[in-house]
Every structure is written in C-alpha cells, then in structure tokens.
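A.B. asks: Once you've had a glance at the structure underneath, I'll fire off some questions.
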2 protein chains.
Amino acid sequence: MMFHGESDWTPVPWNRVTLDGGLWGERQRVNRERTLPAVYRQLKDTGRIDAFRLDWRPGQQPVPHQFWDSDVAKWLEAAAYSLGSHPDPALAALVDETVALVASAQQPDGYLNTHFTAVEPHNRWTNLRDMHELYCAGHLIEAAVAHYDATGKTTLLAPLRRYADTIDAVFGPGPGQKRGYCGHEEIELALVRLAHAANEPRYMRLAQYFVDERGRRPYYFDREALARGEDPTVFWAGTYAYNQAHIPVREQTEVVGHAVRAMYLYTAMADLALETDDASLTAACRRLWTHLTSRRLYVTGGIGPSRDNEGFTADYDLPNATAYAETCAAIGLVFWAARMTRLEQNARTMDVLETALYNGVLSGVSLDGETFFYENPLASAGRHHRQPWYSCACCPPNIARLIASIGGYIYAQGDADAVVHLYTNGAGRLSLGGGALTLHQETGYPWDGCVSLRLEMDAPMPFRLWLRRPGWAREASLRINGAAIEPESVTVRGYMRLERTWRPGDEVTVEFPMPVERVYAHPDIAADVGRVALRRGPLVYCVEGADTDVPLHRLRLPRAAELSAVYDEGLLGGVIALRGAALAAESDGWGEGLYRAEPPTLRPTPLTAVPYYAWDNRTPGEMAVWLMEESL
Amino acid sequence: MMFHGESDWTPVPWNRVTLDGGLWGERQRVNRERTLPAVYRQLKDTGRIDAFRLDWRPGQQPVPHQFWDSDVAKWLEAAAYSLGSHPDPALAALVDETVALVASAQQPDGYLNTHFTAVEPHNRWTNLRDMHELYCAGHLIEAAVAHYDATGKTTLLAPLRRYADTIDAVFGPGPGQKRGYCGHEEIELALVRLAHAANEPRYMRLAQYFVDERGRRPYYFDREALARGEDPTVFWAGTYAYNQAHIPVREQTEVVGHAVRAMYLYTAMADLALETDDASLTAACRRLWTHLTSRRLYVTGGIGPSRDNEGFTADYDLPNATAYAETCAAIGLVFWAARMTRLEQNARTMDVLETALYNGVLSGVSLDGETFFYENPLASAGRHHRQPWYSCACCPPNIARLIASIGGYIYAQGDADAVVHLYTNGAGRLSLGGGALTLHQETGYPWDGCVSLRLEMDAPMPFRLWLRRPGWAREASLRINGAAIEPESVTVRGYMRLERTWRPGDEVTVEFPMPVERVYAHPDIAADVGRVALRRGPLVYCVEGADTDVPLHRLRLPRAAELSAVYDEGLLGGVIALRGAALAAESDGWGEGLYRAEPPTLRPTPLTAVPYYAWDNRTPGEMAVWLMEESL
C-alpha cells in the first residue's frame, strides 16, 4: 500500500494537537462552553441519560428509543475530547457520573443497550436490519476510546471491551454464531479504533468480519425477517442498497442508500484496507470515492440529496432547495476522506475533507453553538432554520464530537514524514522515527492563505515535510528560512514535499493567494445550469435575504462583475464577506401579466455574500449558494 | 352588465357550428373514432357501466365507487355532442342503451346515484364534503342536456329533471331542507345549463342557492361531520379552502385549493353573474380571474401546480417538472374563460381560453386518441407518459367531451353582434336579431394566421362583426371585400369591431403574422428564471429528447438565435416545427470533477421544438418547455 520509499501517514491524534484561536479555536470554545452543555441538557430532559437507569416500565412515556444510547455516547465522546484539550473539573465530574451510569447498565453477560434491556429484552439481536443495536454499541465504543485517550481511565473502556467481547462471541462465521451485521454501519469503524486502543487484534478481525459478511447471499436480513415471522420483501426502504448490504462490499461500485450509513461503512473499509493492506478493499474504496466525488457531491461537501432515504439518488441529482445533505453525512465524509487521504497520500482527497468541514459540516451548528441543522440545503425560501434538538438527534452530538476532535485531522506523521494537511493556528506534536517534532502554525486561515510554520525539535533531524497545496489555490509561494523555493518543483500528489535535514527553529512560510473564485457545476447537474457559486479559499459563500433588497430569485450575477473580499468584524462573528455589483430583474412593467415577449429588465443592485457555514444566524430569510449568472 | 349599446355575447351552441378539417376537425375525428370507443371500453371493463344495474352485493369486487357515475356521464355527454355533429347509428344505439340503463337506476323518489343506491343507501346525503354525490348529479345533468340538444330526446333529460327536482326539494334554506352544498363543485354549472334546456328558472335558483350558501358559517361540512359522529377538524385536506368553502364566494379574492373544483365553481359564479346581473358576483369573478392570470397560471394554460391538493399553492409557484396541471383543471379553465369572455367581452380573457385549449388541454390526449395525461408537467426527465386509463378516471372522458363540443367556443351572437372568438376551418350558423347569418371560415389556423370569412345571409343586414385579435398577434391586417382597413382604428377590447350593413357574400380577410416568439416569465416565477419558452401563434412549443442529441439540461438557447417555422408533414401528424441553432454545454474537459472555475464550454447544436400538445407521442424521452437562455 505504501508509496515506494515512503511511510504510512498516521494521523497525529487530536490529543497531540493544540489549537490557538483562529476559526477552529473559536468553534471549539463555543462547542465547549455552549454546545456540550446544551446537548447534555437535551439528553437529560428527553430521558436519554436516565434511560441507563433501566427503570423504564411498560406504559411509561417516553419509551427509551432504540438509538438513544448513541446520542449519549456521542456526547460522552465529544466531552472526552474537550476534557483532553481543555481540562474542566465540572465537565469531568459530569462525564464521570455519566460514565458510571452507562457502565451500570451493563448486564452480567456484558450486553449494554438500554432499549433492549429495559423495553424489549426478548428481542435482543433479532432485528439487526432496523434496530441499530450494533450501531449503538459502536458509538459507545468510540466514546470509550475517546474517554480513555483523554483521561487514561478505563471506567468506560473496560465495560465496552467486555461488550465487544460479547458481540465477538455472538457474531461471526463460527458454529452457533449469528452471521449478521448491522443495518446501520458504525460498529465496524469503532472496532478498528478499539483494536488500537486496547491493542487487541481480535476486535480488528471482528470489524473485518462485519465488513466482509455484508451483502452476502443469502441475505442475513432476509433470514432474520423470516425468523421474526415477517415477509422480508416488506422492507420499507425496498432495497438493501439502502444500507449498502445489497452486494458484498468489494463488488460495490456506486455510493448508494442512506448517506451516513454509507460513509461509516466506507470509513471502516478504508481503515481495513490500510490495516490489512487489502488490495481489493482498496480498489473498492477508490471506485466508491471516485463515484461520489465525480457524480454525487455538493459543492459544499454535503452528500445525500434525498429526504426519502436520507441518502443518495442518481448521478448528478443535486437539487439545491430540497438538498437533504444531512450534517451527519458530511461528518461521515470527513471520516472517510481522512482515511482516503491516508490511503492515497493525495491532497485532492484532503480537499474534499476541507470543503466538507468548512461548509457542509460547519453549517450544521449555529454560531452560538446551541441550534443545529439536520438538513443543509443549498437554497432556502426562508423557512429552514436550525433547531435546538431533533427527535432523531444524531446531528447535534455528532458535530460536537467532530469539532472537539478537529485537531486530529491536521497533521500526519510517518517514520520520516511530517505532513501538514490543514492550516489553522496552533501546534502539533509529532513523533517521527528520528524523534519528536513540534510544528507551530501561524496563519489567518481560512481568511487568508499565509501560513508560517516553525519547526521545533531537540536536534537536527532528516525528514520530509509535506505541505498540502489546497485544490482551490491556483498559485503558491514557498520559503524556507526566507529563501524562496519554486513550489512546482517540489509538488508531489498535491503536497509540497520538502526533504532535508531540518534544524530547530527552521521556518517555512507558504502563501496561497486567495482570490474570490467563481465555481461552475458540471453541465449534467441540472439544478445548477446557468448558475454560479462563489468560493474564496476553502469557504463556499451564499447570499442571504438579510443582505439583499430583492428576492434572491431575481438576482443575476454578471460573469464579469468584480467581487471584493472585505473583512467585517461585526458580521457573523467576524467574517470576510464578498461584495460587488449584481443585477436584479425588475417586476415593474409586467402589468398584470405573467408572460411577455421581452426578458425582464435588469437594474444594478449591490451583492453581499457570506460564508455558507454562517447562514441562518441573523434575521430569518432566503438563502442561495448557486446564483443565476448573466453571461454578459 | 352589458356594455353600453351592446348586447350579450351569447355563445353560439356547438350544434350550430361545423368544423371542416383543420386541427380541430382532425381532433374531433380521432375523438369520435378512437377516444369514444376506447373510453367506453374502459367504462365497461371497469364495471362503471354495469354499476347502473344496481346489482352489486356486499363482498363483490369492484365496489361501485362514489364518482363512477360522473365518468359514464361525461362519456355520454361526449357521445351526444359527437352524434349531434356526426350521426353514427352504432354509437346512437350504444348511447340509447346506456341512457336506458342510467335511467333504469333512478329510484322511485327520483334519486339517481349508483354508489349510494347499491353500496351504502343508508348514507345518502350524509357526506357532501367528500362523497361527490351532487358532483355526479351535475355530470348526469350535463349529459342529459347535451343528449337532449343532440337528439331532441328526453330519455335522459326527463329522469335528470326528476332528480334535479328531488335535489331541489332536499337542499335549500327552507324548513326541513339541508343547507348543504357539494364538496366538489359541478352541480352549480350543470343546473344553469338545465335551467336553459328545460326552460325552468327553479334550477337556476337552486344553482344560485348552492353558490350563495358555500362557505357560510357555521360550516355545513362541520355540522355534517358532527352528525356523522366525526371530528370536523380531522379533514384530510386540512382546510375548506381546498374546496373553496372557507369563506362565502363573494369574499374570495384568491384562487385556492383543488383546481378543478375551483374552475367549476368560478364557471357557475360567472354564469350566475351574467344571468342575474349580479355586481358583487361579477366583482368576485374579476378578482379571482386577475389573481389566477397574474399569479398562478402556467404558460401552457395549465393550472394547479401541486399534486398534494391537486391544486393551487402560492403566488408564482409554478414548478415545471412537478407541475400537476391536471387536464381537467385546464378544461375547467376553458369553461370559466368562456364565461368570463362573455362577461367581459374582452379578447384577453379569450386568449387564456385559447392558450389552455391548444396547450394544457390538448396535451391531455395522445395523437391517436387512446391514451391520456392526468398531469401535464412542463418538463420531464422521460418518465411521464400518457396512460389508457386512470383509477380516478376524470380526465379521459372530460377531454373527450370538450373536443366533441369545441364548436361551442368559436362564435358568439347578440342582437346585432356576431363575434368570432376563435379561428378554425368551418362554419357557424348564428341567429341575430335581424335574421340568420352563416359565417364561413377558411384558415390554416393554428399553423398560420390567415383567415378568410364569408358572410352568408338571406338579405343585407346591419350588425357588428367582432373579430378577435389574439393576444399573441403583434400585428394584423384586415380587408373587407378586398379593401384594407386599419385594424387599430376599429379595435375595441381586443376585437376588431366592424359595424355596417353587411351583404350576402361579403368577405372579410384578416391576417395575423405568426412569427416565432420568445416568451419570458415574470421574474418572480423562480422556476423560469434565466429561461425562455417558444411560442408561435396560439401554440406553446417544447423540446423533446426525440429531437436532440444532448440531454435537455445541457441546451442553451442564445437570445439572438434565429428560429424558423418549418412545416413537416411526417412529424406528429403534420405540424410546424421550430428549427434553429442552439448551444450545448460540453462535459468534455471536466475530468473526474464536478465543479470548476470555468463555465462549461458551449458548442453549436441543432434545435427542434414541437408543439407542446404533441409531446410524448414518439420515443419516450425528456421534454422541456422552458429552455435555459444564453443572453449572448
């Protein structure tokens, strides 16, 4: 799998990276101060925390739901990351209390699921297709790993190891075992993490089993339905493509079905492809990646246009106003893209991660951190707003854990490689074969593309420093200790590869000029025909009703219109807005008619565009990413 | 109501008008030879005809449905019109047989409804809101009137008069009467027709009662639901705006709810406004008309964009691919527009009728007359096709009766006025105060705008001849017996008014040049922004996949592109197609990406557009009315 002469790009874990202000530092502060408490309150108020008391009795409302455990797990995971980078005794106590409560729900045989312990204990493991049982286990495992990494405590890891052992005993190809797998993937990637945290290859093999078994005939979901006395063909989703279980994963060529499920599966596939150097799994990952990125990806990094299946539809079917583009799906894409970048060592896969992160993911939470989008459309008539909570509450704690762990996506390390994937203020502490290396970043990213890197180590050390050239950056300049280097001469797979013996205090500065860019969609994306989007650096922009005098459908952006980037400290917490002159179609002169032989007259109107992630944080109103272009 | 010094423009009835070839002559032939037999077969095969035997027994399938009677009635009405203009002994015998069967279902008390006689006799008149009982009565009445007009026989009229008498006894404001009205309007306009056919003002008063009672509080539908032991608020449509019963009709200002119901109601309102010279009803009709035509009308004359309520949504909400635009709704608009034209004596209301007729109505039936659209979208990805029948089968017999009665929309007559509303080959026999007048039309309409009118009468006669100048016609030329007249000098409310003592054999020729026109939508119709439609004369055009090498979303029509009108005898039964050079966005050069900084390159591609009414009569494929325009 490794490129000739180069090492694996192991991600530098979140707890070796500190963020120092900047966009992500600020988002982490809001996540810590506002989102974590807000999500906890909801978990408490809705009964999700107390479900672990297992004291639900028939007739009581609410009934602990089949995937409530996962919501608590994701909050615990998020809180653990936060504690790891920002100690907080009150939060630590709350985490300890919650961990104890979760652990207390474990059954003597290791089983740990509130719904199937308190509500329908007789139905344990009888409906993997629909009931999210292994999915909940997966999230608890991820929480346990994060908690252990953050605190060193095994109070959650130990029970979850026991539960994983139970699962390992129940599922598998051996005699008397169930040859099942979960309808909602998650356990697979969690087991890979657990295998590393616990240093126990058995969990890796179990992950491999779940991935390999998926989609085999006869379908487990069929047999399981028959065992329940149900007609397997009466499956509401109509097809096992819904949960990527229609064919074995190595035969899959198209990203299909429920988008979050797909992303979690592909993440585990890429993990296993790397772990086991599995060429056929790598090939499947590449095919699926190419299919997603060349046919089914929104410009914001959102994925899964349809509400019907919360997922994928047809190639190029990327409607804007009805885009489902679930926050969790974009988060899942970040997970997958991180693995694909490790697999491919290619900046273009990291571009997808960066786009999703700054746009389709970050839009999922309000600037104040307390309301959330489940769906992230690319156009709105003004009725789409973030909510404090959802009855299906996957997104709020999911974005909380992603923001809290963002440090884990910035750097990678190999035996003689130090990789900078993302640019943000702060530092990463890497362990290379030759010793420890701290990379200090100073940058205004994402508002400007100037980055200054200072290398700190005990002694001179030879290694390759890889600096990603973002796909949006047409140009770059590069200096080492002030001496210019021609970027093209050192660029390999989109990274500037600087190989030398580095000395303590060496400074590398890069600059990626960040002009306002127009973006055009592939001509088969019918929804975007004749339209243009605006992008600057990693940020996709949108126009909001709050900034315009005319309904957005009346706006036309002339192809030649100048747009300038203007920092506005008072706007949306301080953002660079794009400003310029557009045109507005006039309704004057239409009289009482709806149709006429002359096109609408166009008058100049000022245009302001703001980062997409920040929309719906002011007066509720319209929003559009794709603007009608006037090709004049 | 009459304009000063002018008379009422009474429509010249269908049985005084003959069509001689041309588009409508041909459509009537197909209607007669193919559609009427096809619809009868379906009525027979599905049990609708035999339901009148009243021999249904519990447990039998199918169960005579609550609105089956209306399907049979509309076929009878269509067959009657056809017999009136084209005698056909076999059809006459089938009509006689069907009439006898229908009449045999009448109950001793005059009641006539198969569902409520055979299936749930105990529930008669208990759910006017949902059960279409008076709606079915209305359609039977219309059939009876047409049958009487066509044949002079009272075999259907007499039973329906008895049924109307029964209804008149049951409903009304008198003591012991039900103060109800139908959830699906239709009886109102039918009673107006019956009043004239039977020369019985009591039926007109009953129509007036139904119209006036509608929407009054306390709501009849509420009281009726309570009487059934139901919660009136649990009405699936959620609002009585669905059936225009939310407020009294004179207070209504917006066209709302189910589009067919709305059209049938407004038709009756306009009828009554005329009959009773009712200023407040006239004002309501005008308000509703203006609202429809300035906010909620497709360029094809289709109305009612939403499948959810089969009706209206919000102003300017006119999506193309998901346009419901039910065939019956466009037919209903023809009914209403005819009355509004009579009320307003204004060519602009007749423009709406003409547009609906040639486009949104005529698209409802295939060229071979045997398959039908229920929905008439303005764009299709290739999966929308006409069907031989629908379980809710309102549209097929509705379009059959409209085509069979098309002659009734062409001329109007007053004491000293002869009006030509529509142009089509044939003759109309008018009765003016001064005597009989036959107008012979020779024209290539709708393929060209040249019309030659020959006036035939026994002796010279003074009257005003009104010739409509279609709204699409920017220019006109006019000659009387070869002598040119400046059209502007005689144009009144969109009609050329020629007042003189006419002599037998006088010839009037008009020519409306018929260039290809581009049509632009009001800038608040978001679905059409940046798009252009093509129109020539009364025909709206569309582009079909059958005529193009590229997916339709890749097409761009340059604003300056020349388009020529070319008659093609072999195309779609002989049509004028529009041909020119468009541009196609290329996908070459996009590599594996979905987004890039350069707009798609455009290469020339030939464009062919065909009349919208004729789409989906060839290889199934895409269709689009609104094409993306390139403003170069």
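Within each chain, counting starts at residue 1; across the structure tokens, chains are named A, B, ... in the order shown, with ligands numbered 1 upward in that order.
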Find the residues in chain A near chain B: any atom within 8 Å counts, using only C-alpha atoms. Write them as JSON, numbers by chain.
C.D. replies: {"A": [290, 293, 294, 295, 297, 299, 517, 518, 519, 520, 521, 522, 523, 524, 526, 529, 530, 553, 554, 585, 586, 587, 590, 592, 593, 594, 595, 596, 597, 598, 599, 600, 628, 630, 631, 632]}
A.B. asks: Counting only C-alpha atoms, what is within 8 Å of Ala284 (chain A), bar same-chain residues fewer than 6 positions away, as a PDB file with N, CA, C and O atoms, in the first residue's frame?
C.D. replies:
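Contents of around_32.pdb, as written:
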ATOM      1  N   VAL A 249     -19.234  -5.848  -0.210  1.00  0.00           N
ATOM      2  CA  VAL A 249     -18.645  -4.511  -0.331  1.00  0.00           C
ATOM      3  C   VAL A 249     -17.590  -4.434  -1.421  1.00  0.00           C
ATOM      4  O   VAL A 249     -17.449  -3.397  -2.075  1.00  0.00           O
ATOM      5  N   ARG A 250     -16.876  -5.495  -1.653  1.00  0.00           N
ATOM      6  CA  ARG A 250     -15.829  -5.431  -2.685  1.00  0.00           C
ATOM      7  C   ARG A 250     -16.400  -5.342  -4.092  1.00  0.00           C
ATOM      8  O   ARG A 250     -15.700  -5.003  -5.033  1.00  0.00           O
ATOM      9  N   GLU A 251     -17.669  -5.677  -4.224  1.00  0.00           N
ATOM     10  CA  GLU A 251     -18.309  -5.593  -5.542  1.00  0.00           C
ATOM     11  C   GLU A 251     -19.025  -4.265  -5.743  1.00  0.00           C
ATOM     12  O   GLU A 251     -19.585  -4.006  -6.803  1.00  0.00           O
ATOM     13  N   GLN A 252     -19.053  -3.442  -4.714  1.00  0.00           N
ATOM     14  CA  GLN A 252     -19.803  -2.184  -4.822  1.00  0.00           C
ATOM     15  C   GLN A 252     -19.026  -1.168  -5.647  1.00  0.00           C
ATOM     16  O   GLN A 252     -17.817  -1.015  -5.483  1.00  0.00           O
ATOM     17  N   THR A 253     -19.744  -0.508  -6.529  1.00  0.00           N
ATOM     18  CA  THR A 253     -19.094   0.465  -7.416  1.00  0.00           C
ATOM     19  C   THR A 253     -19.738   1.843  -7.327  1.00  0.00           C
ATOM     20  O   THR A 253     -19.188   2.812  -7.822  1.00  0.00           O
TER      21      THR A 253
END
A.B. asks: DSSP says helix (DSSP H, G or I) for which residues of region 255-326 of chain A? Put them as JSON, numbers by chain?
C.D. replies: {"A": [259, 260, 261, 262, 263, 264, 265, 266, 267, 268, 269, 270, 271, 272, 273, 274, 275, 276, 279, 280, 281, 282, 283, 284, 285, 286, 287, 288, 289, 290, 291, 292, 293, 294, 295]}
A.B. asks: Within 12 Å of Ala225 (chain A), counting only C-alpha atoms, which residues qualify if same-chain residues fewer than 3 places away don't, as a list in words?
C.D. replies: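 Using only C-alpha atoms, the neighbours found are Trp125, Thr126, Asn127, Leu128, Arg129, Asp130, Gly180, Tyr219, Tyr220, Phe221, Asp222, Arg228, Gly229, Glu230, Asp231, Pro232, Thr233, Val234 and Phe235 of chain A.
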A.B. asks: Could you pull out the residues in region 182-373 of chain A that DSSP calls strand (DSSP E or B) from the backbone, as a list in words?
C.D. replies: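 In region 182-373 of chain A, DSSP puts these residues in strand (DSSP E or B): His258, Leu297, Ile303, Ser306, Gly311, Val365 and Phe372 of chain A.
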A.B. asks: Go through A:Leu112, A:Cys392, A:Leu140, A:Ala245 and flag the residue nearest Pro218 (chain A), using only C-alpha atoms for the distances.
C.D. replies: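 Looking only at the distances to Pro218 (chain A), the closest residue turns out to be A:Ala245.
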A.B. asks: Got a sec: who's within 6 Å of Phe372 (chain A), counting only C-alpha atoms, leaving out chain neighbours fewer than 5 positions off, as an MDAnalysis selection string?
C.D. replies: chainID A and resid 364:365 386:387
A.B. asks: Write the residues of the preceding selection, restricted to N, CA, C and O atoms, as a PDB file, in the first residue's frame.
C.D. replies:
ATOM      1  N   GLY A 364     -23.837  22.987  10.126  1.00  0.00           N
ATOM      2  CA  GLY A 364     -24.739  22.207  10.969  1.00  0.00           C
ATOM      3  C   GLY A 364     -24.968  22.776  12.352  1.00  0.00           C
ATOM      4  O   GLY A 364     -25.883  22.330  13.056  1.00  0.00           O
ATOM      5  N   VAL A 365     -24.155  23.735  12.770  1.00  0.00           N
ATOM      6  CA  VAL A 365     -24.337  24.315  14.112  1.00  0.00           C
ATOM      7  C   VAL A 365     -24.325  25.843  14.002  1.00  0.00           C
ATOM      8  O   VAL A 365     -23.591  26.415  13.206  1.00  0.00           O
ATOM      9  N   ARG A 386     -32.210  26.367  11.990  1.00  0.00           N
ATOM     10  CA  ARG A 386     -31.640  25.435  12.975  1.00  0.00           C
ATOM     11  C   ARG A 386     -32.579  25.279  14.162  1.00  0.00           C
ATOM     12  O   ARG A 386     -33.312  26.195  14.510  1.00  0.00           O
ATOM     13  N   GLN A 387     -32.532  24.113  14.748  1.00  0.00           N
ATOM     14  CA  GLN A 387     -33.376  23.820  15.908  1.00  0.00           C
ATOM     15  C   GLN A 387     -32.497  23.387  17.075  1.00  0.00           C
ATOM     16  O   GLN A 387     -31.413  22.844  16.866  1.00  0.00           O
TER      17      GLN A 387
END
A.B. asks: Please, what distance in Å, to one decimal, runs between CA of Ile167 (chain B) and CA of Ala137 (chain B)?
C.D. replies: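 Going from CA of Ile167 (chain B) over to CA of Ala137 (chain B), I get 9.0 Å.
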A.B. asks: Which of these, A:Asp88, A:Asp315, A:Asp277, A:Glu326, has the shortest distance to Arg261 (chain A) once you count only C-alpha atoms?
C.D. replies: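 Result for the nearest residue to Arg261 (chain A): A:Glu326.
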A.B. asks: Calculated over only C-alpha atoms, which of the candidates A:Met340, A:Ala73, A:Leu318, A:Ile247 has the smallest distance to Cys136 (chain A)?
C.D. replies: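 The closest residue to Cys136 (chain A) is A:Ala73.
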A.B. asks: Env of region 492-496 of chain B: 7 Å cut, atoms = only C-alpha atoms, seq-sep filter 6 positions within chain, self excluded. Answer as a ChimeraX atom specification.
C.D. replies: /B:346-348,466-469
A.B. asks: List the neighbours of Leu343 (chain B) out to 10 Å using only C-alpha atoms; skip same-chain residues closer than 6 positions along the sequence, and give me the result as a PyMOL selection string.
C.D. replies: chain B and resi 1-3+8-10+270-271+273-274+277+282+285-286+337+349
A.B. asks: Quick one: everything within 7 Å of Ala325 (chain B), counting only C-alpha atoms, minus sequence neighbours fewer than 2 positions away in the same chain. Send it as a list of chain:residue names.
C.D. replies: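 Surrounding residues, per the criterion: B:Gly302, B:Ile303, B:Gly304, B:Pro305, B:Ala323, B:Thr327, B:Ala329, B:Glu375, B:Asn376, B:Pro377.
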A.B. asks: Looking at only C-alpha atoms, which of A:Gly25, A:Gly580, A:Gly215, A:Gly433 is the one that sits closest to Leu607 (chain A)?
C.D. replies: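 Among A:Gly25, A:Gly580, A:Gly215, A:Gly433, it is A:Gly580 that comes nearest to Leu607 (chain A).
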